[in-house]
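**Student:** Could you have a look at this structure, given as structure tokens, before my questions?
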Amino acid sequence: MSNANGGAVGVLVVDSECCPRQCLKRLSKDALLTTHAYVWSMTHKQQKKWLLTELSAAHDRRTMSFAHHLEQSKLCLKAWLKATGISKSRYYETRLQYMSRYIPGSDDTLHKQTRFVISTEMAMQWLDIYANGNGDKLPTSGRILLPSSTTMTSVYQEYTEEYNGSGYVISKASFFRNWKKVHGNISIPKAMINKALLKTHIIGGLTHGHGEYAYLSFGEFPQDSNLTLSILLSILNNINRKEHRLPDTLYLQMDNCSRENKNKYVYGVLGYLVLKGIFRKVRLSFLPVGHTHEDIDQMFSRFSSYLNKNDAVTPGELMEALRKSYSPEPDVHVLEQSEVFDFKAWIEPHLEEMHNHVAPKHFIFKLVDGSLVFKYKYWATDPKWEPYNSSIQLFTNTDISPTTLQSLVPNISALNLSQVVEDIDKLTDYTTEVQVQEWKIFCERMNQQDQLSRCPFTQLVYGDALDGMHVHAADNSKQAAELVHEEGIACLLEKEVARPEVYNGVYRPKAVSQKPLCEGDMVAVLPEKDQFTGKPWIGLCETIDTTTSTFVIQWIVLEIRSQNSTSSKISIINTAAITFYTCVIIFLVTPIYLLTVVHKPSGLEIVASFPTTVSQLTGNCVVKELTRLFNSFANASALESVALKAAVVLPSLLLQRTHAKSKAKEDVVQLERRLKLWLKGDLNTLLVEGRAIQHLLSRKRTITRTRSASMGEKARIFAKLMMEGKVKSALRMIANDECIGVLPLTDEVLQSLKGKHPTRNEAIHTALVAPNSPPELVPNIILFDTLNAELIRKVSMETEGAAGPSDLDATAWRHLCCSFQSSFDLCAALASVAKRICTTFIDPKCLSAFVACRLVPLDKCPGVRPIGIGETIQRIIGKAILATIGQNIIDAAGPLQLCVGQQAGCEAAVHAMSSLYDSQTTEAILLVDALNSLNREVALRNIQHLCPSLSVVLINTYREDIDLFVDGATLLSTEGTTQGDPLAMAMYGIGILPLIKKLQTCDVTQTWYADDAAAAGSTAYIRCWWDMITKAGPMFGYYPNASKTHLIVKQEYVQSAKGLFDGSGITVIADGDRYLGAAIGTRTYIEQYVKNKISEFIAYSAFCHGLIGKWTYLARTIPHSSELFIPLENAIRTIFLPSLTGQSPFNDTDRNMLALPTRLGGLGIINPSLLSLYHYATSVNVTSALANLVITRATLMPSDLGIQQLEEKNLARNQRKAMETASVTELLAILPAKQKRSVEIASEKGASSWLNALPIARHGFALHKSAFRDAICLHYGWQPPLLPSHCICGSIYTVEHAMNCPSGGFPSIRHNEVQDLTSAFLSEGCHNVHTEPTLQPLQGEHLKYKSANGEVGARLDVAAQNFWGKNH
């Protein structure tokens, strides 16, 4: 035994409680350690022999008891067990064996006699300890008197509760008989033995300046909020009677217990007092845990001190004692039925459902503008009431009548008064006649209460109490803002702690809190095997070695240690973190870690069944810290100005990898260390470390240019992006040959970037919608009621894209919002941030980090293309805002701007312009190209009138210049919208509306999709429209670019058009031009345009069929395009499909089979030439209503337009399904039987789901080329290529033979995969999961089924404990 271990144990044992005599404290530390070392230096057999010897020496044959000694000192059993380290179960088991040898008789009788003797002895030893601890020992006679309130039955009940489940509990009769026989000196004063007793409950109240109160009840009323509120009402009525008025404000302080005081019923009655005008305001506070110095505590302390020195035999004497014990004398009163009311039943139907309301310590109730405001604080020093911009809903309705309040019928039968009356006559020797008479009067009076009927509140002793109180006029002079921040609070919180939010509605369960295991933490190890007694092993975590994933535990409870070692080095499999619980084990009241340990011949080993990994626990700490920062901003705390900046900086400082090839384990260690520095506030160390890492990475940074990359290099990059799930980036890389690569930030590049970001322009008075009218009111927070944690989580799942300044991309934020136990709290915090940004004007400096962007200069070859990447949280919050008020934005824009969220708005614009071009009245169409430099000041002031619900968030995010970070330099975005902001399109679309309305004076039909404008009509009117847009556009920040603007003119109007537009810089063309990704013009131009696009698709179709979206858009916007897609279909059939499957050639039947969707057995590779007509007709039907609004120059959006479009979509979807079903029916009729069966199997639910899964490598979904081709062949019953000629068993090798041959291994592989997967899932919810356990041999049993395996050594596939419950 090491000195460190011995010291720790010595301190534990000495400090432990054993009995009232404190046996352990009389022993020396050396004696304890020596005893431990001696006992546990023996083997198990030696210990048993030694224990039998000790029992023989301690056995008293006369009394059949055992008296253990150590250092010539007699010890109680508990002290002796702690000193030796022997467990209680092992001690009694050995003692049972000892007694079986000592008492003669037959084996059966011997066992019963031995157990009875041991049980009796244990009971009498317990009684001796109980009496010495609770009774008073008389110095002369040696008698021990238990408290007079004790009964023999209550003593027996305490004994059975302590020994319940041990198997050594004797009957009540035996207990009483042996009590008299063995411990005759232990007695209860005869006056109260087995007499009926009344439990007295005292409730105290202090009203400063008005008096003190003490109310008595005897258990006839439940100790709940009905009693509390009745006493409160009684006190208020007393004050009202004495002074004929009540104060304006009620300051109420209560004990922090939920049953009596801190519940919705108390809140509801207090809110009702404010609603009735009895008080203008109620401030409710609750005392913190452990309070002992309040004045109410002092009053009860005086009660206790007086009663300890003075007896109170009757209720009257008790009341008199209470009056004498405290000065000034309190008003002592016994509660009767006429004074206690059923407030719970009265107020319950009117209360809203409420959660987490037991956590805060301070509440306020007040009327503001006729409405009840109910808010809370966690502590009195908190600067603001919560919720910040709203109130907790207390009532479902306020139609509450006091006349429906009923008195509460007391449960007199529970007092057992009849027994009390019978016992009174037996007390004449110990009480006076006056006291006996008083008891009888009291019991008679209590019995009379049970005969009273329930009556209305207004008929009781107080009269119409609530309506009779002095009523104050409602004070509406203060605004709601005063509740949010009352004067006199100047507490700046340096660091806030996450607190549960009080909320209405459905309960949101909280996840179990977790934290990493740290050195010095208390550990409880829960063993699995029976030889370890099944009890937790208590120890201290001394050393944690993160490099080897091990830690050392110093055991405290030594009887369960391993062999002779007092400390064990335990290896953690797959994780170095422990699930954290808060629990109490025996005398321990600190947080404990629970582990699961199995015993193996090599030692102790922790099984890998932990629900979380260390990265998850550490990541959860990061999530909690982010949540705290976002809540600090949302609640406008003292950290408001830096909260969002800290949230953006935190990932960059904490989540940097030390080098490109660092392992996950190393990253977790670094994250733990950095998180500690962050929480300490040591940001300088983190900054220095971050700069050092960036310096190292900058040396290895290379510029990748896909233009110069080989086809193999492109394929490698494409595969890497696809295996990371970045489909859009992969397709963009192979389909975009203009560019590319990121340019280094040279002076030339920097100047080019600055030139693309113009300076701010002043607002022009004539550009304002209502220059002299005040803006609309700030949007009410009720508009954003649906912007909650669930919406944030949903949006985060759908958000994609690269990282902004925080270096956290959409994938990382999706992980933060969905994968941790605190993720829901993080989503709720983000929702609170979004609500505040949308409803409150905020200092723009607080939002500078939130709106900042990362600027990337791309090579246009030649030129620079700036790409702005906004912060991911801004994108998530922006999308959530659009999902909340999107319809308001659409209503504001109408059909004038089709970029703000209208269904199929882009296609509607194309169809409208195509229809106008085909019209005989149209001479030309002008397609305008312009610079996005929206005048922010003009747009923000106009949006306040055009779309008030969007105005506040745009003003908060755009009224100041926005930082653009590019490779160490910082630029400013002063005009226009920023890339990556989901609100940018809505801002631009509504901000440009006044210009669009000005242009409606010209007789042309115009369509707008953001800054892409088009006008159709006569050339003369189009010229007028062009002159007006070039003149009025700059006022709004719209600068038309004539050199890139094209006029599509019909052939007969070409000459006149050139004359009209001479000198304008506009290019006049007669054939057609590209418009919003489609084409408008002559049929010849459209066909040539489609052929060019098809050639692009053909060039890259060998990489991925994901480009289907592009050609589907062409099919939806260009009529009669079936024949134009035939070259694309030929490329798919002859190039793409052979490369994908390894099979060729494909006949029409195979091609039609692969064109089916995967749910019907195909691959989903459609035939574009066959479906183009369907796509075009669907697009026209869905967009016809919106396109007609554009053509007819409507300004308002019909309210049922969305419903019409949804119905058309559903109709088109049903038609598509009907077509696919018909295709399957036709196909199955002509397929061979084998292939037909393969298609039928592939169309079963889930059979083809693997084809729809992205090949994400980290999830194990990526297949190499040969494996994928073999899987396709097996999927459709084709012969896989390059099969061996013969099997290992000698037979000819076929697919059917390989799947069934036991020598080849495929059956075993299939079986083991299912077995391992089942075992892995069971391990998450069951204990002791293992594969292929050996079954117990049969011993004469006959199994029912012939297929049952009855051989010796038969095995199961998987075994698991507790699958059906705790006992199964």
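In the structure tokens, chains take the letters A, B, ... in the order shown, each chain's residues start at 1, and ligands count up from 1 in the order shown.
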So which residues touch region 159-173 of chain A within 10 Å, counting only C-alpha atoms, skipping near sequence neighbours fewer than 4 positions away, as a ChimeraX atom specification?

**Tutor:** /A:89,92,115-123,126-127,130,152-155,177-179

**Student:** Would you mind listing what lies within 12 Å of Val648 (chain A) as an MDAnalysis selection string, with only C-alpha atoms counted and same-chain residues fewer than 2 positions away left out?

**Tutor:** chainID A and resid 625:626 629:630 642:646 650:655 803:809 813 847:853 870:874

**Student:** DSSP on the backbone, helix (DSSP H, G or I) only: what residues of region 341-450 of chain A does that give? Format it as a PDB file with N, CA and C atoms, in the first residue's frame.

**Tutor:**
```
ATOM      1  N   PHE A 343     -57.767  27.759  -4.068  1.00  0.00           N
ATOM      2  CA  PHE A 343     -57.297  28.651  -5.123  1.00  0.00           C
ATOM      3  C   PHE A 343     -56.865  27.876  -6.372  1.00  0.00           C
ATOM      4  N   LYS A 344     -56.344  26.697  -6.183  1.00  0.00           N
ATOM      5  CA  LYS A 344     -55.835  25.934  -7.333  1.00  0.00           C
ATOM      6  C   LYS A 344     -56.954  25.591  -8.311  1.00  0.00           C
ATOM      7  N   ALA A 345     -58.064  25.064  -7.791  1.00  0.00           N
ATOM      8  CA  ALA A 345     -59.186  24.731  -8.672  1.00  0.00           C
ATOM      9  C   ALA A 345     -59.807  25.988  -9.270  1.00  0.00           C
ATOM     10  N   TRP A 346     -59.743  27.102  -8.537  1.00  0.00           N
ATOM     11  CA  TRP A 346     -60.355  28.348  -9.008  1.00  0.00           C
ATOM     12  C   TRP A 346     -59.574  28.975 -10.160  1.00  0.00           C
ATOM     13  N   ILE A 347     -58.232  28.975 -10.064  1.00  0.00           N
ATOM     14  CA  ILE A 347     -57.410  29.684 -11.051  1.00  0.00           C
ATOM     15  C   ILE A 347     -56.906  28.781 -12.168  1.00  0.00           C
ATOM     16  N   GLU A 348     -56.909  27.439 -11.941  1.00  0.00           N
ATOM     17  CA  GLU A 348     -56.342  26.501 -12.912  1.00  0.00           C
ATOM     18  C   GLU A 348     -56.927  26.646 -14.315  1.00  0.00           C
ATOM     19  N   PRO A 349     -58.263  26.749 -14.506  1.00  0.00           N
ATOM     20  CA  PRO A 349     -58.795  26.814 -15.887  1.00  0.00           C
ATOM     21  C   PRO A 349     -58.353  28.041 -16.662  1.00  0.00           C
ATOM     22  N   HIS A 350     -57.835  29.047 -15.993  1.00  0.00           N
ATOM     23  CA  HIS A 350     -57.489  30.295 -16.670  1.00  0.00           C
ATOM     24  C   HIS A 350     -55.993  30.447 -16.897  1.00  0.00           C
ATOM     25  N   PRO A 402     -64.410  36.241  -8.643  1.00  0.00           N
ATOM     26  CA  PRO A 402     -64.098  35.779  -7.285  1.00  0.00           C
ATOM     27  C   PRO A 402     -65.238  34.996  -6.649  1.00  0.00           C
ATOM     28  N   THR A 403     -66.432  35.120  -7.193  1.00  0.00           N
ATOM     29  CA  THR A 403     -67.577  34.422  -6.598  1.00  0.00           C
ATOM     30  C   THR A 403     -67.497  32.918  -6.789  1.00  0.00           C
ATOM     31  N   THR A 404     -66.657  32.464  -7.716  1.00  0.00           N
ATOM     32  CA  THR A 404     -66.530  31.019  -7.953  1.00  0.00           C
ATOM     33  C   THR A 404     -65.501  30.374  -7.041  1.00  0.00           C
ATOM     34  N   ILE A 412     -60.539  15.930   8.117  1.00  0.00           N
ATOM     35  CA  ILE A 412     -60.475  15.710   9.556  1.00  0.00           C
ATOM     36  C   ILE A 412     -60.201  14.250   9.885  1.00  0.00           C
ATOM     37  N   SER A 413     -60.629  13.349   8.989  1.00  0.00           N
ATOM     38  CA  SER A 413     -60.438  11.924   9.270  1.00  0.00           C
ATOM     39  C   SER A 413     -58.957  11.562   9.336  1.00  0.00           C
ATOM     40  N   ALA A 414     -58.133  12.329   8.642  1.00  0.00           N
ATOM     41  CA  ALA A 414     -56.698  12.031   8.651  1.00  0.00           C
ATOM     42  C   ALA A 414     -56.062  12.325  10.000  1.00  0.00           C
ATOM     43  N   LEU A 415     -56.746  13.116  10.855  1.00  0.00           N
ATOM     44  CA  LEU A 415     -56.177  13.474  12.152  1.00  0.00           C
ATOM     45  C   LEU A 415     -56.367  12.372  13.191  1.00  0.00           C
ATOM     46  N   LEU A 417     -58.878  11.818  15.215  1.00  0.00           N
ATOM     47  CA  LEU A 417     -59.281  12.489  16.454  1.00  0.00           C
ATOM     48  C   LEU A 417     -59.977  11.541  17.421  1.00  0.00           C
ATOM     49  N   SER A 418     -60.652  10.533  16.900  1.00  0.00           N
ATOM     50  CA  SER A 418     -61.320   9.588  17.804  1.00  0.00           C
ATOM     51  C   SER A 418     -60.308   8.884  18.696  1.00  0.00           C
ATOM     52  N   GLN A 419     -59.152   8.509  18.121  1.00  0.00           N
ATOM     53  CA  GLN A 419     -58.115   7.870  18.918  1.00  0.00           C
ATOM     54  C   GLN A 419     -57.503   8.849  19.901  1.00  0.00           C
ATOM     55  N   VAL A 420     -57.382  10.112  19.474  1.00  0.00           N
ATOM     56  CA  VAL A 420     -56.846  11.133  20.361  1.00  0.00           C
ATOM     57  C   VAL A 420     -57.751  11.291  21.585  1.00  0.00           C
ATOM     58  N   VAL A 421     -59.075  11.309  21.352  1.00  0.00           N
ATOM     59  CA  VAL A 421     -60.021  11.461  22.466  1.00  0.00           C
ATOM     60  C   VAL A 421     -59.928  10.274  23.414  1.00  0.00           C
ATOM     61  N   GLU A 422     -59.767   9.058  22.836  1.00  0.00           N
ATOM     62  CA  GLU A 422     -59.641   7.875  23.698  1.00  0.00           C
ATOM     63  C   GLU A 422     -58.368   7.941  24.541  1.00  0.00           C
ATOM     64  N   ASP A 423     -57.297   8.435  23.962  1.00  0.00           N
ATOM     65  CA  ASP A 423     -56.023   8.476  24.678  1.00  0.00           C
ATOM     66  C   ASP A 423     -55.962   9.602  25.697  1.00  0.00           C
ATOM     67  N   ILE A 424     -56.855  10.597  25.578  1.00  0.00           N
ATOM     68  CA  ILE A 424     -56.806  11.723  26.514  1.00  0.00           C
ATOM     69  C   ILE A 424     -57.058  11.246  27.940  1.00  0.00           C
ATOM     70  N   ASP A 425     -58.017  10.330  28.112  1.00  0.00           N
ATOM     71  CA  ASP A 425     -58.362   9.852  29.451  1.00  0.00           C
ATOM     72  C   ASP A 425     -57.220   9.057  30.085  1.00  0.00           C
ATOM     73  N   LYS A 426     -56.303   8.557  29.283  1.00  0.00           N
ATOM     74  CA  LYS A 426     -55.188   7.790  29.817  1.00  0.00           C
ATOM     75  C   LYS A 426     -54.037   8.682  30.269  1.00  0.00           C
ATOM     76  N   LEU A 427     -54.170   9.999  30.041  1.00  0.00           N
ATOM     77  CA  LEU A 427     -53.082  10.915  30.362  1.00  0.00           C
ATOM     78  C   LEU A 427     -53.325  11.688  31.643  1.00  0.00           C
ATOM     79  N   GLU A 433     -56.259  18.575  34.750  1.00  0.00           N
ATOM     80  CA  GLU A 433     -57.647  18.464  34.293  1.00  0.00           C
ATOM     81  C   GLU A 433     -57.962  19.540  33.265  1.00  0.00           C
ATOM     82  N   VAL A 434     -57.392  20.717  33.472  1.00  0.00           N
ATOM     83  CA  VAL A 434     -57.624  21.818  32.517  1.00  0.00           C
ATOM     84  C   VAL A 434     -57.065  21.462  31.144  1.00  0.00           C
ATOM     85  N   GLN A 435     -55.901  20.865  31.136  1.00  0.00           N
ATOM     86  CA  GLN A 435     -55.284  20.478  29.849  1.00  0.00           C
ATOM     87  C   GLN A 435     -56.107  19.393  29.161  1.00  0.00           C
ATOM     88  N   VAL A 436     -56.595  18.419  29.922  1.00  0.00           N
ATOM     89  CA  VAL A 436     -57.429  17.362  29.320  1.00  0.00           C
ATOM     90  C   VAL A 436     -58.693  17.964  28.751  1.00  0.00           C
ATOM     91  N   GLN A 437     -59.311  18.855  29.477  1.00  0.00           N
ATOM     92  CA  GLN A 437     -60.533  19.482  29.011  1.00  0.00           C
ATOM     93  C   GLN A 437     -60.276  20.311  27.754  1.00  0.00           C
ATOM     94  N   GLU A 438     -59.147  20.977  27.743  1.00  0.00           N
ATOM     95  CA  GLU A 438     -58.815  21.785  26.547  1.00  0.00           C
ATOM     96  C   GLU A 438     -58.637  20.892  25.321  1.00  0.00           C
ATOM     97  N   TRP A 439     -58.024  19.746  25.512  1.00  0.00           N
ATOM     98  CA  TRP A 439     -57.859  18.821  24.390  1.00  0.00           C
ATOM     99  C   TRP A 439     -59.220  18.348  23.872  1.00  0.00           C
ATOM    100  N   LYS A 440     -60.139  18.041  24.769  1.00  0.00           N
ATOM    101  CA  LYS A 440     -61.449  17.568  24.324  1.00  0.00           C
ATOM    102  C   LYS A 440     -62.198  18.659  23.573  1.00  0.00           C
ATOM    103  N   ILE A 441     -62.116  19.882  24.063  1.00  0.00           N
ATOM    104  CA  ILE A 441     -62.775  20.995  23.355  1.00  0.00           C
ATOM    105  C   ILE A 441     -62.158  21.185  21.974  1.00  0.00           C
ATOM    106  N   PHE A 442     -60.848  21.072  21.933  1.00  0.00           N
ATOM    107  CA  PHE A 442     -60.161  21.239  20.641  1.00  0.00           C
ATOM    108  C   PHE A 442     -60.598  20.168  19.640  1.00  0.00           C
ATOM    109  N   CYS A 443     -60.657  18.924  20.101  1.00  0.00           N
ATOM    110  CA  CYS A 443     -61.055  17.838  19.195  1.00  0.00           C
ATOM    111  C   CYS A 443     -62.502  18.001  18.752  1.00  0.00           C
ATOM    112  N   GLU A 444     -63.352  18.427  19.650  1.00  0.00           N
ATOM    113  CA  GLU A 444     -64.752  18.631  19.284  1.00  0.00           C
ATOM    114  C   GLU A 444     -64.890  19.733  18.255  1.00  0.00           C
ATOM    115  N   ARG A 445     -64.125  20.781  18.441  1.00  0.00           N
ATOM    116  CA  ARG A 445     -64.179  21.896  17.485  1.00  0.00           C
ATOM    117  C   ARG A 445     -63.659  21.473  16.114  1.00  0.00           C
ATOM    118  N   MET A 446     -62.605  20.675  16.106  1.00  0.00           N
ATOM    119  CA  MET A 446     -62.059  20.204  14.828  1.00  0.00           C
ATOM    120  C   MET A 446     -63.059  19.291  14.138  1.00  0.00           C
ATOM    121  N   ASN A 447     -63.777  18.457  14.869  1.00  0.00           N
ATOM    122  CA  ASN A 447     -64.773  17.571  14.263  1.00  0.00           C
ATOM    123  C   ASN A 447     -65.929  18.352  13.661  1.00  0.00           C
ATOM    124  N   GLN A 448     -66.262  19.475  14.238  1.00  0.00           N
ATOM    125  CA  GLN A 448     -67.356  20.291  13.714  1.00  0.00           C
ATOM    126  C   GLN A 448     -67.005  20.897  12.352  1.00  0.00           C
ATOM    127  N   GLN A 449     -65.731  21.122  12.095  1.00  0.00           N
ATOM    128  CA  GLN A 449     -65.343  21.695  10.799  1.00  0.00           C
ATOM    129  C   GLN A 449     -65.691  20.760   9.653  1.00  0.00           C
TER     130      GLN A 449
END
```

**Student:** From the options A:Arg1159, A:Pro383, A:Glu1208, A:Arg1216, which residue's atoms come nearest to Gly1246 (chain A), counting only C-alpha atoms?

**Tutor:**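 The shortest atom-to-atom distance to Gly1246 (chain A) comes from A:Arg1159.
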